[in-house]
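Asks: I am sharing run_16.txt, which consists of compact mmCIF, C-alpha atoms:
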```txt
# COMPACT_ATOMS: atom_id res chain seq x y z
CA MET A 121 54.13 118.39 10.07
CA GLY A 122 51.34 116.33 8.56
CA ASP A 123 51.60 112.66 9.66
CA TYR A 124 48.00 112.35 10.78
CA ASN A 125 48.53 108.82 12.12
CA LEU A 126 50.24 110.54 15.04
CA LYS A 127 48.45 112.41 17.79
CA GLN A 128 48.18 116.13 17.09
CA VAL A 129 50.32 118.58 19.02
CA ASN A 130 49.19 122.21 18.97
CA VAL A 131 52.02 124.69 19.51
CA LEU A 132 50.79 128.03 20.88
CA ILE A 133 52.78 131.25 20.41
CA SER A 134 51.77 134.65 21.74
CA THR A 135 53.63 137.42 19.91
CA TYR A 136 54.26 141.02 20.89
CA ASN A 137 56.68 143.16 18.88
CA GLY A 138 58.56 140.01 18.02
CA GLU A 139 59.48 140.53 14.38
CA LYS A 140 63.24 140.19 14.91
CA TYR A 141 63.49 136.48 15.78
CA LEU A 142 60.02 135.14 15.04
CA GLU A 143 60.88 133.34 11.81
CA GLU A 144 63.75 131.43 13.43
CA GLN A 145 61.44 130.17 16.16
CA VAL A 146 58.66 129.16 13.76
CA GLU A 147 61.18 127.35 11.57
CA SER A 148 62.59 125.43 14.54
CA ILE A 149 59.08 124.28 15.46
CA ALA A 150 58.31 123.30 11.87
CA ASN A 151 61.52 121.26 11.77
CA GLN A 152 60.66 119.07 14.75
CA THR A 153 61.17 115.33 14.33
CA TYR A 154 57.58 114.79 15.45
CA GLY A 155 55.30 114.62 12.44
CA ASN A 156 51.92 116.11 13.40
CA ILE A 157 52.24 119.67 14.68
CA LYS A 158 49.89 122.61 14.15
CA ILE A 159 51.05 126.13 15.02
CA PHE A 160 48.62 128.69 16.44
CA ILE A 161 49.82 132.28 16.85
CA ARG A 162 47.95 135.11 18.57
CA ASP A 163 49.41 138.58 18.24
CA ASP A 164 48.91 140.54 21.45
CA GLY A 165 48.55 144.00 19.91
CA SER A 166 52.02 144.46 18.39
CA THR A 167 53.03 147.94 17.28
CA ASP A 168 55.91 146.88 15.01
CA HIS A 169 55.76 144.73 11.85
CA THR A 170 55.08 141.41 13.59
CA ILE A 171 51.68 140.98 11.94
CA GLU A 172 53.13 141.50 8.45
CA HIS A 173 55.84 138.95 9.20
CA LEU A 174 53.26 136.44 10.41
CA TYR A 175 51.19 136.65 7.25
CA ALA A 176 54.34 136.34 5.15
CA LEU A 177 55.09 133.07 6.98
CA GLN A 178 51.53 131.78 7.02
CA GLU A 179 51.48 129.88 3.73
CA ARG A 180 54.90 128.30 4.18
CA TYR A 181 54.22 126.99 7.66
CA LYS A 182 50.40 126.68 7.59
CA LEU A 183 50.00 128.98 10.57
CA VAL A 184 46.70 129.73 12.27
CA ILE A 185 46.91 133.47 13.00
CA VAL A 186 44.72 135.42 15.40
CA GLU A 187 45.01 139.20 15.71
CA GLY A 188 44.14 140.56 19.14
CA SER A 189 44.36 143.55 21.43
CA ASN A 190 47.01 143.80 24.12
CA ILE A 191 45.80 141.78 27.11
CA GLY A 192 49.12 140.43 28.46
CA TYR A 193 50.92 137.18 27.81
CA GLY A 194 49.04 135.05 30.36
CA LYS A 195 45.59 135.91 29.03
CA SER A 196 46.86 135.73 25.44
CA PHE A 197 48.06 132.16 25.93
CA MET A 198 44.78 131.23 27.59
CA LYS A 199 42.93 132.61 24.55
CA LEU A 200 45.08 130.42 22.32
CA LEU A 201 44.45 127.38 24.51
CA GLU A 202 40.73 127.91 24.03
CA ILE A 203 40.99 128.52 20.26
CA ALA A 204 43.09 125.40 19.56
CA GLU A 205 40.23 122.99 20.27
CA GLU A 206 41.15 119.93 18.21
CA GLY A 207 44.25 118.08 19.30
CA ASP A 208 45.79 115.76 21.85
CA PHE A 209 48.62 117.80 23.37
CA TRP A 210 49.32 121.53 23.71
CA ALA A 211 52.74 123.21 23.94
CA PHE A 212 53.49 126.86 24.75
CA ALA A 213 56.31 128.65 22.92
CA ASP A 214 58.02 132.02 23.24
CA GLN A 215 58.40 134.11 20.09
CA ASP A 216 62.20 134.32 20.11
CA ASP A 217 63.49 130.95 21.32
CA ILE A 218 64.89 128.07 19.28
CA TRP A 219 63.50 124.57 19.75
CA LEU A 220 65.84 121.64 19.26
CA PRO A 221 64.52 118.91 16.91
CA ASN A 222 63.33 116.35 19.50
CA LYS A 223 61.53 118.69 21.91
CA VAL A 224 57.99 117.68 20.95
CA ASN A 225 58.85 114.04 20.33
CA TRP A 226 60.28 113.57 23.83
CA ALA A 227 57.18 115.10 25.41
CA VAL A 228 54.78 112.90 23.45
CA GLU A 229 56.82 109.75 24.19
CA TRP A 230 56.46 110.34 27.93
CA MET A 231 52.81 111.34 27.86
CA GLU A 232 51.78 108.30 25.82
CA GLN A 233 53.18 106.09 28.57
CA GLU A 234 51.12 107.80 31.27
CA GLU A 235 47.49 107.67 32.33
CA ASP A 236 45.69 110.27 30.21
CA GLU A 237 42.71 110.59 32.56
CA ILE A 238 44.79 112.75 34.90
CA PRO A 239 46.42 116.12 34.08
CA LEU A 240 49.94 115.67 32.71
CA LEU A 241 52.69 118.24 32.27
CA PHE A 242 56.05 117.68 30.59
CA HIS A 243 58.84 120.20 31.15
CA SER A 244 61.97 120.31 28.99
CA SER A 245 65.38 121.40 30.18
CA TYR A 246 66.85 124.35 28.31
CA GLU A 247 69.93 126.44 27.70
CA LEU A 248 69.83 130.12 28.58
CA MET A 249 71.51 131.97 25.70
CA ASN A 250 72.72 135.47 24.95
CA GLU A 251 70.85 137.45 22.31
CA ASP A 252 72.63 136.17 19.19
CA LEU A 253 72.78 132.59 20.54
CA SER A 254 76.59 132.62 20.43
CA ARG A 255 77.08 131.96 24.14
CA VAL A 256 75.46 129.71 26.74
CA ILE A 257 74.72 131.72 29.88
CA GLY A 258 73.46 128.77 31.89
CA THR A 259 71.17 125.76 31.89
CA TYR A 260 67.86 125.06 33.60
CA SER A 261 66.98 121.50 34.46
CA THR A 262 65.35 119.52 37.25
CA PRO A 263 65.17 121.62 40.44
CA LYS A 264 67.21 120.31 43.35
CA TYR A 265 64.26 120.71 45.72
CA LYS A 266 61.05 118.74 46.00
CA ILE A 267 58.24 120.17 43.88
CA ASP A 268 54.84 119.84 45.52
CA PHE A 269 51.57 121.74 45.89
CA GLN A 270 52.96 123.91 48.68
CA ARG A 271 55.92 125.08 46.55
CA ALA A 272 53.70 125.63 43.52
CA LEU A 273 51.50 128.00 45.56
CA THR A 274 54.17 130.66 45.93
CA ASP A 275 56.40 130.10 42.91
CA SER A 276 55.91 129.53 39.19
CA VAL A 277 57.98 126.36 39.03
CA TYR A 278 57.27 125.39 35.43
CA GLN A 279 58.43 127.78 32.68
CA GLY A 280 55.69 128.27 30.08
CA PHE A 281 57.89 127.99 26.98
CA SER A 282 59.14 124.58 28.12
CA ILE A 283 55.86 122.85 28.98
CA VAL A 284 53.58 120.50 27.09
CA LEU A 285 50.24 119.48 28.55
CA ASN A 286 47.57 116.91 27.84
CA ALA A 287 43.84 117.28 27.19
CA LYS A 288 42.87 116.80 30.84
CA LEU A 289 45.11 119.63 32.05
CA ARG A 290 43.86 121.85 29.22
CA GLU A 291 40.27 121.10 30.27
CA MET A 292 41.01 122.07 33.86
CA LEU A 293 42.81 125.26 32.83
CA LEU A 294 39.84 126.32 30.73
CA GLN A 295 37.56 126.02 33.75
CA CYS A 296 39.39 129.07 35.10
CA ASN A 297 38.24 132.58 34.25
CA ILE A 298 40.73 134.17 31.85
CA ASN A 299 40.31 137.52 33.65
CA ASN A 300 41.53 135.90 36.88
CA ILE A 301 44.69 134.46 35.33
CA THR A 302 48.03 136.25 35.56
CA SER A 303 50.39 133.46 34.50
CA HIS A 304 49.08 130.49 32.51
CA ASP A 305 52.11 128.40 33.49
CA TRP A 306 51.73 129.18 37.20
CA ILE A 307 48.14 127.95 37.41
CA ALA A 308 49.04 124.94 35.22
CA GLY A 309 51.81 123.99 37.64
CA LEU A 310 49.51 124.32 40.64
CA LEU A 311 46.84 122.15 39.03
CA VAL A 312 49.21 119.40 37.97
CA GLU A 313 50.84 119.25 41.42
CA LYS A 314 47.42 118.89 43.03
CA PHE A 315 45.66 116.59 40.60
CA GLY A 316 48.14 115.00 38.22
CA LYS A 317 51.72 114.21 37.33
CA ALA A 318 54.62 116.26 36.00
CA LYS A 319 57.89 115.26 34.38
CA PHE A 320 61.11 117.29 34.35
CA ASP A 321 63.18 115.94 31.48
CA GLU A 322 66.97 116.26 31.84
CA ARG A 323 67.60 116.56 28.10
CA ILE A 324 68.17 120.03 26.66
CA ALA A 325 65.36 120.73 24.21
CA CYS A 326 65.30 124.52 23.83
CA ARG A 327 67.59 127.53 23.55
CA HIS A 328 66.00 130.35 25.51
CA ARG A 329 67.18 133.72 24.24
CA ARG A 330 67.99 136.57 26.62
CA THR A 331 69.40 140.00 25.92
CA GLU A 332 72.32 141.13 28.07
CA GLU A 333 70.02 143.59 29.82
CA SER A 334 67.48 140.94 30.70
CA ILE A 335 70.19 138.54 31.87
CA SER A 336 71.42 141.01 34.47
CA SER A 337 67.85 141.76 35.48
CA MET A 338 67.08 138.13 36.21
CA THR A 339 68.51 138.52 39.67
CA LEU A 340 68.25 141.78 41.58
CA LYS A 341 66.36 143.96 39.08
CA ASN A 342 63.53 141.55 38.33
CA ARG A 343 63.19 140.55 41.96
CA MET A 344 62.95 144.17 43.05
CA LYS A 345 60.30 144.83 40.38
CA TRP A 346 58.31 141.84 41.60
CA PHE A 347 58.69 142.93 45.23
CA CYS A 348 57.53 146.50 44.50
CA LYS A 349 54.62 145.28 42.37
CA THR A 350 53.52 142.94 45.16
CA MET A 351 53.83 145.69 47.76
CA LYS A 352 51.34 147.70 45.72
CA GLY A 353 48.84 144.84 46.02
CA ASN A 354 49.43 143.18 42.65
CA SER A 355 50.24 139.68 43.87
CA ASP A 356 50.46 136.83 41.36
CA ILE A 357 50.36 134.46 44.32
CA ARG A 358 47.08 135.85 45.64
CA THR A 359 45.52 135.98 42.16
CA THR A 360 46.43 132.34 41.46
CA ALA A 361 45.32 131.10 44.88
CA LYS A 362 41.99 132.89 44.59
CA GLU A 363 41.18 131.37 41.23
CA PHE A 364 42.26 127.90 42.34
CA ASP A 365 40.05 128.20 45.40
CA ARG A 366 37.09 129.51 43.41
CA VAL A 367 37.14 126.71 40.84
CA PHE A 368 38.55 123.73 42.72
CA GLY A 369 39.35 124.48 46.37
CA LYS A 370 35.89 125.00 47.80
CA LYS A 371 34.69 121.69 46.33
CA LEU A 372 37.53 119.62 47.78
CA ASN A 373 38.28 121.60 50.95
CA ASP A 374 41.13 119.25 51.89
CA LYS A 375 44.43 120.13 53.60
CA ASP A 376 46.02 121.58 50.44
CA CYS A 377 42.95 123.62 49.57
CA LYS A 378 42.80 125.07 53.07
CA MET A 379 46.46 126.06 52.71
CA ALA A 380 45.70 127.79 49.41
CA ARG A 381 43.00 129.78 51.21
CA TRP A 382 45.66 131.33 53.46
CA PHE A 383 46.63 133.44 50.43
CA THR A 384 43.19 134.61 49.32
CA HIS A 385 42.46 137.34 51.91
CA ASP A 386 42.36 140.96 50.82
CA SER A 387 41.83 142.10 54.40
CA TYR A 388 44.29 141.28 57.16
CA SER A 389 43.78 137.83 58.70
CA ILE A 390 46.15 137.51 61.65
CA LYS A 391 45.43 133.79 61.92
CA ASP A 392 46.44 133.02 58.34
CA VAL A 393 49.33 135.50 58.38
CA ILE A 394 50.84 133.59 61.31
CA LYS A 395 50.33 130.27 59.51
CA LYS A 396 52.18 131.53 56.44
CA VAL A 397 54.99 133.43 58.14
CA PHE A 398 55.85 130.64 60.59
CA PHE A 399 55.23 127.71 58.23
CA TYR A 400 57.86 125.06 58.96
CA LYS A 401 58.78 124.32 55.31
CA ARG A 402 60.55 126.59 52.85
CA TRP A 403 58.38 128.47 50.36
CA ARG A 404 61.23 129.41 48.03
CA GLN A 405 64.58 127.91 47.07
CA SER A 406 66.92 130.89 47.64
CA LEU A 407 67.33 132.45 51.07
CA SER A 408 66.86 136.02 49.80
CA SER A 409 63.62 135.07 48.05
CA GLU A 410 62.44 133.21 51.14
CA ILE A 411 63.02 136.27 53.34
CA ALA A 412 61.24 138.55 50.86
CA VAL A 413 58.25 136.22 50.61
CA ARG A 414 57.85 135.91 54.38
CA LEU A 415 58.10 139.67 54.80
CA LEU A 416 55.35 140.15 52.22
CA MET A 417 53.30 137.53 54.04
CA LEU A 418 53.73 139.42 57.31
CA LEU A 419 52.47 142.59 55.60
CA ASN A 420 49.54 140.62 54.10
CA LYS A 421 50.65 141.43 50.54
CA ILE A 422 50.57 137.73 49.64
```
Hey, can you dump this file as structure tokens for me?
Replies:
Amino acid sequence: MGDYNLKQVNVLISTYNGEKYLEEQVESIANQTYGNIKIFIRDDGSTDHTIEHLYALQERYKLVIVEGSNIGYGKSFMKLLEIAEEGDFWAFADQDDIWLPNKVNWAVEWMEQEEDEIPLLFHSSYELMNEDLSRVIGTYSTPKYKIDFQRALTDSVYQGFSIVLNAKLREMLLQCNINNITSHDWIAGLLVEKFGKAKFDERIACRHRRTEESISSMTLKNRMKWFCKTMKGNSDIRTTAKEFDRVFGKKLNDKDCKMARWFTHDSYSIKDVIKKVFFYKRWRQSLSSEIAVRLLMLLNKI
């Protein structure tokens, strides 16, 4: 991981009670074909033996370890993004996945061909695996629908553990207030769709581990949890739109930014509710999700 003629890639891992599979993930990152990688790990207040495992791995893999209190994964990753100052590219990683050897190399190859003065985001395809990695549950690759600013407003299109970003996107992310961020990948996707360029790579570069319980919850259970949470007023969509508008929207005030402002009202705005509910384009890919989103819009929950 020490070919310093290559641009430096900082891999950021936020851990929480992740002792079981952590070493496998760190090893898969250390074994990348790309030769200049530095691994930063922030523990988000684990209550198991994750910290002890990290320090046991530190010397072997030259880890930069930060111990922290529990602030949630989004804020934890934003802390790491701020801490890892020196570098050229930044990649987010989950604590229990397995990276295939060319994941970082493919990202850097694409980014080095692009204009680095704009925000860039590279997204790898991945296999969804069962807990012991013995069975492929499914694959996630390029969405079959057009990704644009409008879609990125109401959906977290880019999965955090599969994205790599450049210095310009990092700079823009760090202009946001960490306390106003719910999902680091959601705001990253919104920024790159507005100001930069993203790449969905068709090649499988990661094995994303899921327990059987979490696999079944990916559909109805997780969606119901999200719906109930949003009904209580805890909307990721509103949080993200507000922060985008605060930092970038008011300065530009163009068509996209005015659309983002439809989602920022805490009080009921009949005018903007109508705009959202009767918008002529789809907000979400699946019909059930689309119906749920428009209902929440009608109730001014998003």
Asks: What lies within 8 Å of segment 131-146 of chain A using only C-alpha atoms, ignoring chain neighbours under 5 positions off, as a VMD selection string?
Replies: chain A and resid 157 to 170 173 177 181 193 196 to 197 200 to 201 210 to 219
Asks: Would you mind telling me which residue in A:Asn286, A:Ser276, A:Asn300, A:Asn250 lies nearest to Asp236 of chain A when using all atoms listed in the file?
Replies: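 Checking each of A:Asn286, A:Ser276, A:Asn300, A:Asn250 against Asp236 of chain A, counting all atoms listed in the file, the winner is A:Asn286.
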Asks: Can you work out the spacing between atom CA of Ser254 of chain A and atom CA of Cys326 of chain A in Å, to one decimal?
Replies: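 We find that atom CA of Ser254 of chain A and atom CA of Cys326 of chain A lie 14.3 Å from each other.
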Asks: Hey, which of A:Lys314, A:Tyr265, A:Ala287, A:Ile238 ends up closest to Leu372 of chain A? Count only C-alpha atoms.
Replies: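 When distances to Leu372 of chain A are compared using only C-alpha atoms, the smallest one comes from A:Lys314.
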Asks: Considering only C-alpha atoms, state which residue in the set A:Lys288, A:Arg404, A:Arg271, A:Arg255 is at the smallest distance from Ala380 of chain A.
Replies: A:Arg271
Asks: For each of A:Ile298, A:Val277, A:Leu418, A:Ala325, take the minimum atom-to-atom distance to Leu311 of chain A, counting all atoms listed in the file, then give the residue where this is smallest.
Replies: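 Once distances to Leu311 of chain A are computed over all atoms listed in the file, the minimum belongs to A:Val277.
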Asks: So that I can see what lies close to Asp365 of chain A, please list as a PyMOL selection string the residues with an atom at most 9 Å from it, counting all atoms listed in the file and leaving out residues fewer than 2 positions away in the same chain.
Replies: chain A and resi 360-363+367-371+373+377-378+380-381+384
Asks: Using all atoms listed in the file, which of the listed residues (A:Tyr175, A:Phe209, A:Tyr154, A:Phe315) sits closest to Asn130 of chain A?
Replies: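 Closest to Asn130 of chain A, using all atoms listed in the file: A:Phe209.
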Asks: Identify the residues within 8 Å of coordinate (46.4, 134.2, 29.5) (same frame as the file), considering only C-alpha atoms, and give the answer as a list in words.
Replies: Ile191, Gly192, Tyr193, Gly194, Lys195, Ser196, Phe197, Met198, Lys199, Ile298, Ile301, Thr302, Ser303 and His304 of chain A
Asks: Can you tell me, as a list in words, what residues are no more than 8 Å from segment 220-222 of chain A when counting only C-alpha atoms, ignoring any on the same chain fewer than 6 positions away?
Replies: Ser148, Ile149, Asn151, Gln152, Thr153, Tyr154, Ile324, Ala325, Cys326 and Arg327 of chain A
Asks: What is the distance between atom CA of Asp252 of chain A and atom CA of Arg343 of chain A, in Å to one decimal?
Replies: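 Distance reported for this atom pair: 25.0 Å.
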Asks: Separation of atom CA of Tyr278 of chain A and atom CA of Leu240 of chain A, in Å?
Replies: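 Spanning atom CA of Tyr278 of chain A to atom CA of Leu240 of chain A is a straight-line distance of 12.5 Å.
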Asks: Let me have the centre and edge lengths of the axis-aligned box enclosing all listed atoms of segment 225-237 of chain A with 8 Å padding on every side, in Å to one decimal, as JSON.
Replies:
```
{"center_x": 51.5, "center_y": 110.6, "center_z": 26.4, "size_x": 33.6, "size_y": 25.0, "size_z": 28.2}
```
Asks: Let me make sure I understand: among A:Phe269, A:Phe347, A:Phe242, A:Tyr260, which one has the smallest atom-to-atom distance to Lys375 of chain A if we use all atoms listed in the file?
Replies: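 Nearest candidate to Lys375 of chain A out of A:Phe269, A:Phe347, A:Phe242, A:Tyr260: A:Phe269.
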Asks: Mind checking which residues fall within 7 Å of Lys319 of chain A, counting all atoms listed in the file, ignoring those fewer than 2 positions away in the same chain, and posting them as a ChimeraX atom specification?
Replies: /A:241-243,317,321
Asks: Mind checking which residues fall within 8 Å of Lys421 of chain A, counting all atoms listed in the file, ignoring those fewer than 4 positions away in the same chain, and posting them as a list in words?
Replies: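 My list of contacting residues is Thr350, Met351, Lys352, Gly353, Ser355, Leu416 and Met417 of chain A.
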